[in-house]
Amino acid sequence: MNIVLLSGFRIFPTSTGGHIRTASIARALARMGYRVLIYSLAGRQDDYSIGSVFGRGFRIDALETNLSEESNLGLGYGVLQACARRLGFPRAWQHTLMRRGIVPRRLKAALAAADVILADMPWCPPVPGPWAGKPWFMISHNLEFRLLEQGSPRHRRFAAWMRGVETAAPQRYHDIFACAEEDRDFFRARDDSGRLQVPLIRGGVDPIAYVVPPGTRERTRAALGIRDSDTLLVFAGSGFGPNLEALETLRAFSRDHAEFLAREHVYFLLLGSMIPAPFRDGALIATGRVPEVASYFAAGDAGLNPVARGSGANVKLFEYLAARLPVISTAFGVRGTALQPDVDFLSYSPDSLLKTIEQFLHSRTREDWRRHAEEVWQRHKGTCDIQELVHDAVALLPEFHAAPVAAIAQA
């Protein structure tokens with residue numbers, strides 16, 4: 001069975017929570033026996049050159065068994081994407097082109113060969129043509145209109161339009177994969193026919209990706225200049241607005257409590273592209289964009305989520321759990337999970353981070369916290385392991401052939 005997963009941008013290698021979610025779903029389907037092609041309408045900046053644009057105009061990456069990604073490197077979509085990002089506009093232009101069938105020729109060939117088509121987020125609507133009658137499913141990462149409402153003035157202008165797009169989604173797709181109860185309830189409430197299942201695929205991750213070789217923790221801490229006795233709290237994130245706002249709260253906290261952090265040897269590792277380049281400033285250590293995150297999670301003593309707004313679920317929470325890191329988070333930061341405060345994670349408010357860090361330092365030993373993190377993972381694995389989540393979701397949908405699902409169940 002051939003599945004085409006249609007994305008607005010290149011997914012691999014992953015560098016954001018959205019990339020990780022899409023990649024994890026694609027991997028899970030491939031490992032269930034489906035043949036999965038991720039078709040990305042545009043590449044990344046480094047993909048474009050005179051040779052790529054005026055040569056083949058695409059790149060194909062074989063990722064693992066049954067899984068590959070083709071990225072369109074045509075000049076049209078590439079220039080539009082670059083201009084929209086630079087000017088701070090959302091991908092409404094992409095939605096408009098696709099709704100009118102203005103897509104690359106190779107995408108049309110992929111759609112013609114597909115048995116099932118997955119649209120990654122509402123920015124990728126069904127494309128008119130002979131494939132329009134095939135089963136189309138939407139992967140929802142969150143309610144996009146809520147993110148637009150919280151964005152820049154240019155983004156807020158498109159919030160009402162996107163609300164209309166998401167309101168119409170139950171009529172345009174065979175079904176919708178939701179990532180949290182909020183978006184599931186939104187789509188079900190707008191399904192007048194009552195035919196949709198709206199299966200939940202939470203922001204789970206592939207736990208295999210967070211297994212590291214022996215000695216990784218020691219090597220990574222040494223490279224960061226962190227001693228074994230130091231405490232390293234990891235905050236992972238991209239340059240997404242809510243992450244950047246949370247980063248500013250950490251900067252302020254580090255300035256206000258510099259003496260405490262130095263005395264207790266506590267450091268914050270700012271992991272990912274929320275900081276454009278590596279730096280070290282007191283308790284703050286930034287990596288910039290990195291090719292992989294597992295080694296940095298292994299170096300950490302806890303995962304920190306200071307995010308206070310957004311929509312959907314934070315993939316970083318599921319990464320922390322899969323990496324067996326104790327979690328310190330705002331109450332908002334664990335939305336979309338079943339984690340319970342003081343049982344599964346340490347919860348803090350904006351004015352209680354200092355007290356919560358002291359609790360983490362002195363209430364348990366490092367070994368006790370590691371055992372605690374393993375227990376939390378075992379309790380919540382069923383809602384965090386993307387393989388299990390995807391298997392359970394597609395099992396509800398007759399459009400997915402039964403053979404691969406039965407095979408994985410027997411395995």
# chains A, B, ... in the order shown; residues from 1 in each chain; ligands from 1

$ residues_around --residues "Glu182 in chain A" --least-positions-apart "5" --cutoff "12 Å" --atoms "only C-alpha atoms" --output "number ranges by chain"
A: 140-144, 146, 187-189, 198, 200, 202, 311-313, 335-337

$ residues_around --residues "range 81-89 of chain A" --least-positions-apart "3" --cutoff "9 Å" --atoms "only C-alpha atoms" --output "MDAnalysis selection string"
chainID A and resid 9 42 45 76:78 92:94 152 154:155 158

$ write_last_selection --atoms "C-alpha atoms" --output "short mmCIF file (atom, residue, chain, number, x, y, z; two decimals), in the first residue's frame"
data_model
loop_
_atom_site.label_atom_id
_atom_site.label_comp_id
_atom_site.auth_asym_id
_atom_site.auth_seq_id
_atom_site.Cartn_x
_atom_site.Cartn_y
_atom_site.Cartn_z
CA PHE A 9 8.63 21.93 3.56
CA ALA A 42 9.95 23.13 -0.94
CA GLN A 45 17.92 27.21 1.90
CA GLY A 76 8.43 28.90 -7.98
CA TYR A 77 7.66 27.31 -4.63
CA GLY A 78 11.18 27.98 -3.38
CA ALA A 92 -1.68 31.04 2.88
CA TRP A 93 -0.12 31.38 -0.58
CA GLN A 94 0.69 27.66 -0.57
CA SER A 152 2.58 38.84 14.79
CA ARG A 154 0.62 39.90 9.90
CA HIS A 155 -0.18 36.44 11.23
CA PHE A 158 -4.97 35.38 8.66
#

$ atom_distance --atom1 "CA of Trp136 in chain A" --atom2 "CA of Gly204 in chain A"
22.1 Å

$ select_by_dssp --residues "range 9-105 of chain A" --states "strand (DSSP E)" --output "JSON, numbers by chain"
{"A": [35, 36, 37, 38, 39, 40, 58, 59, 60, 61, 62, 63, 64, 67, 68, 69, 70, 71, 72]}

$ closest_residue --among "A:Ala299, A:Leu148, A:Met138, A:Ala283" --to "Thr216 in chain A" --atoms "only C-alpha atoms"
A:Ala299

$ residues_around --residues "Tyr296 in chain A" --least-positions-apart "6" --cutoff "12 Å" --atoms "only C-alpha atoms" --output "short mmCIF file (atom, residue, chain, number, x, y, z; two decimals) with N, CA and C atoms, in the first residue's frame"
data_model
loop_
_atom_site.label_atom_id
_atom_site.label_comp_id
_atom_site.auth_asym_id
_atom_site.auth_seq_id
_atom_site.Cartn_x
_atom_site.Cartn_y
_atom_site.Cartn_z
N TYR A 210 16.23 7.96 20.92
CA TYR A 210 16.84 8.59 22.10
C TYR A 210 17.73 7.62 22.88
N VAL A 211 18.01 6.48 22.28
CA VAL A 211 18.97 5.53 22.86
C VAL A 211 20.36 5.91 22.36
N VAL A 212 21.30 6.08 23.27
CA VAL A 212 22.65 6.53 22.90
C VAL A 212 23.68 5.51 23.37
N THR A 216 28.16 8.45 26.08
CA THR A 216 27.69 9.66 25.40
C THR A 216 27.49 10.80 26.39
N ARG A 217 26.91 10.49 27.54
CA ARG A 217 26.67 11.54 28.53
C ARG A 217 27.98 12.22 28.93
N GLU A 218 28.98 11.42 29.25
CA GLU A 218 30.25 11.96 29.72
C GLU A 218 30.93 12.79 28.63
N ARG A 219 30.92 12.29 27.40
CA ARG A 219 31.58 13.01 26.31
C ARG A 219 30.88 14.34 26.02
N THR A 220 29.56 14.32 26.04
CA THR A 220 28.82 15.55 25.72
C THR A 220 28.97 16.59 26.82
N ARG A 221 28.92 16.15 28.07
CA ARG A 221 29.11 17.11 29.16
C ARG A 221 30.51 17.71 29.13
N ALA A 222 31.49 16.89 28.82
CA ALA A 222 32.86 17.41 28.73
C ALA A 222 32.96 18.45 27.62
N ALA A 223 32.33 18.18 26.48
CA ALA A 223 32.37 19.14 25.37
C ALA A 223 31.68 20.45 25.73
N LEU A 224 30.67 20.38 26.61
CA LEU A 224 29.94 21.57 27.04
C LEU A 224 30.62 22.29 28.20
N ILE A 226 30.78 20.95 31.29
CA ILE A 226 29.95 20.65 32.45
C ILE A 226 30.57 19.50 33.23
N LEU A 232 22.47 20.08 34.95
CA LEU A 232 22.18 20.62 33.62
C LEU A 232 20.70 20.43 33.31
N LEU A 233 19.99 21.54 33.17
CA LEU A 233 18.57 21.51 32.82
C LEU A 233 18.42 21.87 31.35
N VAL A 234 17.80 20.98 30.56
CA VAL A 234 17.74 21.12 29.11
C VAL A 234 16.41 21.74 28.70
N PHE A 235 16.48 22.83 27.94
CA PHE A 235 15.30 23.43 27.32
C PHE A 235 15.50 23.35 25.82
N ALA A 236 14.74 22.46 25.16
CA ALA A 236 14.87 22.24 23.72
C ALA A 236 13.79 23.01 22.99
N PHE A 268 21.54 26.04 32.44
CA PHE A 268 20.45 25.81 31.48
C PHE A 268 21.07 25.58 30.10
N LEU A 269 20.75 24.44 29.50
CA LEU A 269 21.21 24.15 28.15
C LEU A 269 20.09 24.51 27.18
N LEU A 270 20.31 25.53 26.37
CA LEU A 270 19.34 25.99 25.38
C LEU A 270 19.63 25.26 24.08
N LEU A 271 18.84 24.25 23.81
CA LEU A 271 19.14 23.28 22.75
C LEU A 271 18.29 23.54 21.53
N GLY A 272 18.94 23.82 20.40
CA GLY A 272 18.21 23.96 19.16
C GLY A 272 18.27 25.36 18.58
N ILE A 285 23.84 28.12 28.47
CA ILE A 285 24.69 27.52 27.45
C ILE A 285 23.81 27.21 26.24
N ALA A 286 24.11 27.82 25.12
CA ALA A 286 23.30 27.63 23.91
C ALA A 286 24.09 26.83 22.88
N THR A 287 23.41 25.93 22.20
CA THR A 287 24.07 25.09 21.19
C THR A 287 23.89 25.64 19.78
N VAL A 290 21.59 22.02 15.91
CA VAL A 290 22.45 20.84 16.01
C VAL A 290 21.90 19.74 15.12
N ALA A 302 17.63 17.01 33.75
CA ALA A 302 16.17 17.17 33.71
C ALA A 302 15.81 17.93 32.44
N GLY A 303 14.58 17.75 31.99
CA GLY A 303 14.06 18.49 30.87
C GLY A 303 13.17 19.62 31.38
N GLU A 319 9.87 14.10 24.04
CA GLU A 319 11.30 13.83 23.90
C GLU A 319 11.95 13.65 25.27
N TYR A 320 11.63 14.52 26.21
CA TYR A 320 12.19 14.39 27.56
C TYR A 320 11.84 13.02 28.15
N ALA A 323 13.71 10.21 26.51
CA ALA A 323 15.13 10.25 26.90
C ALA A 323 15.32 9.94 28.38
N LEU A 325 14.31 11.66 31.03
CA LEU A 325 14.67 12.84 31.81
C LEU A 325 13.52 13.20 32.74
#

$ closest_atom_pairs --of "range 210-311 of chain A" --to "range 365-368 of chain A" --cutoff "10 Å" --atoms "only C-alpha atoms" --output "JSON lines"
{"residue": "A:Ser229", "atom": "CA", "partner": "A:Arg366", "partner_atom": "CA", "distance": 9.9}
{"residue": "A:Thr231", "atom": "CA", "partner": "A:Arg366", "partner_atom": "CA", "distance": 9.3}
{"residue": "A:Asp301", "atom": "CA", "partner": "A:Arg366", "partner_atom": "CA", "distance": 7.6}
{"residue": "A:Ala302", "atom": "CA", "partner": "A:Arg366", "partner_atom": "CA", "distance": 9.7}

$ closest_residue --among "A:Gly101, A:Pro199, A:Gly151, A:Gly282" --to "Pro125 in chain A" --atoms "only C-alpha atoms"
A:Gly101

$ select_by_dssp --residues "range 208-362 of chain A" --states "alpha helix (DSSP H)" --output "ChimeraX atom specification"
/A:216-224,241-256,258-264,294-299,315-322,353-362

$ closest_residue --among "A:Arg324, A:Arg156, A:Arg59, A:Arg289" --to "Ser238 in chain A" --atoms "only C-alpha atoms"
A:Arg289

$ closest_residue --among "A:Phe297, A:Phe279, A:Trp123, A:Trp161" --to "Lys316 in chain A" --atoms "only C-alpha atoms"
A:Phe297

$ residues_around --residues "Gly288 in chain A" --least-positions-apart "2" --cutoff "6 Å" --atoms "only C-alpha atoms" --output "mmCIF file with C-alpha atoms, in the first residue's frame"
data_model
loop_
_atom_site.group_PDB
_atom_site.id
_atom_site.type_symbol
_atom_site.label_atom_id
_atom_site.label_comp_id
_atom_site.auth_asym_id
_atom_site.auth_seq_id
_atom_site.Cartn_x
_atom_site.Cartn_y
_atom_site.Cartn_z
ATOM 1 C CA GLY A 272 18.205 23.965 19.161
ATOM 2 C CA SER A 273 17.566 26.784 16.741
ATOM 3 C CA ILE A 275 19.356 30.594 19.521
ATOM 4 C CA PRO A 276 20.999 31.128 16.097
ATOM 5 C CA ALA A 277 24.585 30.503 17.242
ATOM 6 C CA PRO A 278 26.330 28.819 20.190
ATOM 7 C CA ALA A 286 23.304 27.627 23.907
#

$ closest_residue --among "A:Leu321, A:Ala180, A:Met1, A:Leu361" --to "Val36 in chain A" --atoms "only C-alpha atoms"
A:Met1

$ closest_residue --among "A:Arg184, A:Arg364, A:His174, A:Lys381" --to "Pro398 in chain A" --atoms "only C-alpha atoms"
A:His174

$ residues_around --residues "Gln197 in chain A" --least-positions-apart "6" --cutoff "12 Å" --atoms "only C-alpha atoms" --output "list in words"
Phe137, Pro170, Tyr173, His174, Asp175, Ile176, Phe177, Ala178, Arg184, Asp185, Phe187, Arg188, Ala189, Asp191, Asp392, Ala393, Val394, Ala395, Leu396, Leu397 and Pro398 of chain A

$ write_last_selection --atoms "N, CA and C atoms" --output "short mmCIF file (atom, residue, chain, number, x, y, z; two decimals), in the first residue's frame"
data_model
loop_
_atom_site.label_atom_id
_atom_site.label_comp_id
_atom_site.auth_asym_id
_atom_site.auth_seq_id
_atom_site.Cartn_x
_atom_site.Cartn_y
_atom_site.Cartn_z
N PHE A 137 -6.39 12.31 4.30
CA PHE A 137 -6.43 12.50 5.75
C PHE A 137 -5.57 13.71 6.10
N PRO A 170 -13.45 18.94 8.38
CA PRO A 170 -14.20 17.68 8.49
C PRO A 170 -14.98 17.32 7.23
N TYR A 173 -11.91 16.09 4.31
CA TYR A 173 -11.03 14.95 4.50
C TYR A 173 -11.84 13.72 4.93
N HIS A 174 -11.27 12.55 4.62
CA HIS A 174 -11.89 11.31 5.09
C HIS A 174 -11.85 11.25 6.61
N ASP A 175 -10.77 11.74 7.17
CA ASP A 175 -10.67 11.82 8.63
C ASP A 175 -9.48 12.71 8.98
N ILE A 176 -9.34 12.99 10.27
CA ILE A 176 -8.30 13.90 10.75
C ILE A 176 -7.60 13.27 11.94
N PHE A 177 -6.27 13.26 11.91
CA PHE A 177 -5.49 12.80 13.05
C PHE A 177 -5.20 14.01 13.94
N ALA A 178 -5.71 13.99 15.16
CA ALA A 178 -5.53 15.11 16.08
C ALA A 178 -4.38 14.80 17.04
N ARG A 184 -9.15 17.69 18.68
CA ARG A 184 -10.11 16.62 18.39
C ARG A 184 -11.54 17.09 18.63
N ASP A 185 -11.78 17.76 19.76
CA ASP A 185 -13.13 18.24 20.07
C ASP A 185 -13.57 19.31 19.08
N PHE A 187 -12.76 19.58 15.85
CA PHE A 187 -13.14 18.97 14.57
C PHE A 187 -14.40 18.13 14.70
N ARG A 188 -14.55 17.42 15.81
CA ARG A 188 -15.78 16.63 15.99
C ARG A 188 -17.00 17.53 16.07
N ALA A 189 -16.87 18.68 16.71
CA ALA A 189 -18.01 19.58 16.84
C ALA A 189 -18.44 20.15 15.49
N ASP A 191 -18.23 18.33 12.62
CA ASP A 191 -18.54 17.18 11.76
C ASP A 191 -20.03 16.91 11.87
N ASP A 392 -2.59 2.27 16.76
CA ASP A 392 -3.95 2.32 17.31
C ASP A 392 -4.84 3.24 16.48
N ALA A 393 -4.26 4.35 15.96
CA ALA A 393 -5.05 5.30 15.19
C ALA A 393 -5.51 4.71 13.86
N VAL A 394 -4.59 4.14 13.10
CA VAL A 394 -4.96 3.63 11.78
C VAL A 394 -5.82 2.38 11.88
N ALA A 395 -5.74 1.68 13.00
CA ALA A 395 -6.58 0.50 13.18
C ALA A 395 -8.06 0.87 13.20
N LEU A 396 -8.37 2.14 13.48
CA LEU A 396 -9.77 2.60 13.52
C LEU A 396 -10.31 2.95 12.14
N LEU A 397 -9.43 2.99 11.12
CA LEU A 397 -9.80 3.54 9.83
C LEU A 397 -9.78 2.47 8.75
N PRO A 398 -10.92 2.17 8.14
CA PRO A 398 -10.97 1.11 7.14
C PRO A 398 -10.19 1.42 5.87
#

$ residues_around --residues "Asp351 in chain A" --least-positions-apart "2" --cutoff "12 Å" --atoms "only C-alpha atoms" --output "PyMOL selection string"
chain A and resi 249-250+252-253+256+306+330+347-349+353-357

$ decode --residues "range 229-249 of chain A" --atoms "N, CA and C atoms" --output "CSV table (one decimal), in the first residue's frame"
chain,number,residue,atom,x,y,z
A,229,SER,N,29.4,16.8,38.7
A,229,SER,CA,28.7,17.3,39.9
A,229,SER,C,27.7,18.4,39.5
A,230,ASP,N,27.9,19.0,38.3
A,230,ASP,CA,27.0,20.1,38.0
A,230,ASP,C,25.6,19.6,37.6
A,231,THR,N,24.6,20.5,37.7
A,231,THR,CA,23.2,20.1,37.3
A,231,THR,C,22.9,20.8,36.0
A,232,LEU,N,22.5,20.1,35.0
A,232,LEU,CA,22.2,20.6,33.6
A,232,LEU,C,20.7,20.4,33.3
A,233,LEU,N,20.0,21.5,33.2
A,233,LEU,CA,18.6,21.5,32.8
A,233,LEU,C,18.4,21.9,31.3
A,234,VAL,N,17.8,21.0,30.6
A,234,VAL,CA,17.7,21.1,29.1
A,234,VAL,C,16.4,21.7,28.7
A,235,PHE,N,16.5,22.8,27.9
A,235,PHE,CA,15.3,23.4,27.3
A,235,PHE,C,15.5,23.3,25.8
A,236,ALA,N,14.7,22.5,25.2
A,236,ALA,CA,14.9,22.2,23.7
A,236,ALA,C,13.8,23.0,23.0
A,237,GLY,N,14.2,23.6,21.8
A,237,GLY,CA,13.1,24.3,21.1
A,237,GLY,C,13.7,25.0,19.8
A,238,SER,N,12.8,25.3,18.9
A,238,SER,CA,13.1,26.0,17.7
A,238,SER,C,12.8,27.5,17.9
A,239,GLY,N,13.0,28.3,16.9
A,239,GLY,CA,12.7,29.7,16.9
A,239,GLY,C,11.2,30.1,16.8
A,240,PHE,N,10.4,29.3,17.5
A,240,PHE,CA,9.0,29.4,17.5
A,240,PHE,C,8.6,30.5,18.6
A,241,GLY,N,7.7,31.3,18.3
A,241,GLY,CA,7.3,32.5,19.2
A,241,GLY,C,7.2,32.1,20.6
A,242,PRO,N,6.4,31.1,21.0
A,242,PRO,CA,6.3,30.8,22.4
A,242,PRO,C,7.6,30.3,23.1
A,243,ASN,N,8.5,29.6,22.3
A,243,ASN,CA,9.8,29.3,22.8
A,243,ASN,C,10.6,30.5,23.1
A,244,LEU,N,10.6,31.4,22.1
A,244,LEU,CA,11.4,32.6,22.3
A,244,LEU,C,11.0,33.5,23.5
A,245,GLU,N,9.7,33.5,23.7
A,245,GLU,CA,9.2,34.2,24.9
A,245,GLU,C,9.6,33.5,26.2
A,246,ALA,N,9.5,32.2,26.2
A,246,ALA,CA,10.0,31.4,27.3
A,246,ALA,C,11.5,31.6,27.6
A,247,LEU,N,12.2,31.7,26.5
A,247,LEU,CA,13.7,31.9,26.6
A,247,LEU,C,14.0,33.2,27.3
A,248,GLU,N,13.2,34.3,27.0
A,248,GLU,CA,13.4,35.6,27.7
A,248,GLU,C,13.1,35.5,29.2
A,249,THR,N,12.2,34.6,29.6
A,249,THR,CA,11.9,34.5,31.0
A,249,THR,C,13.1,33.8,31.7
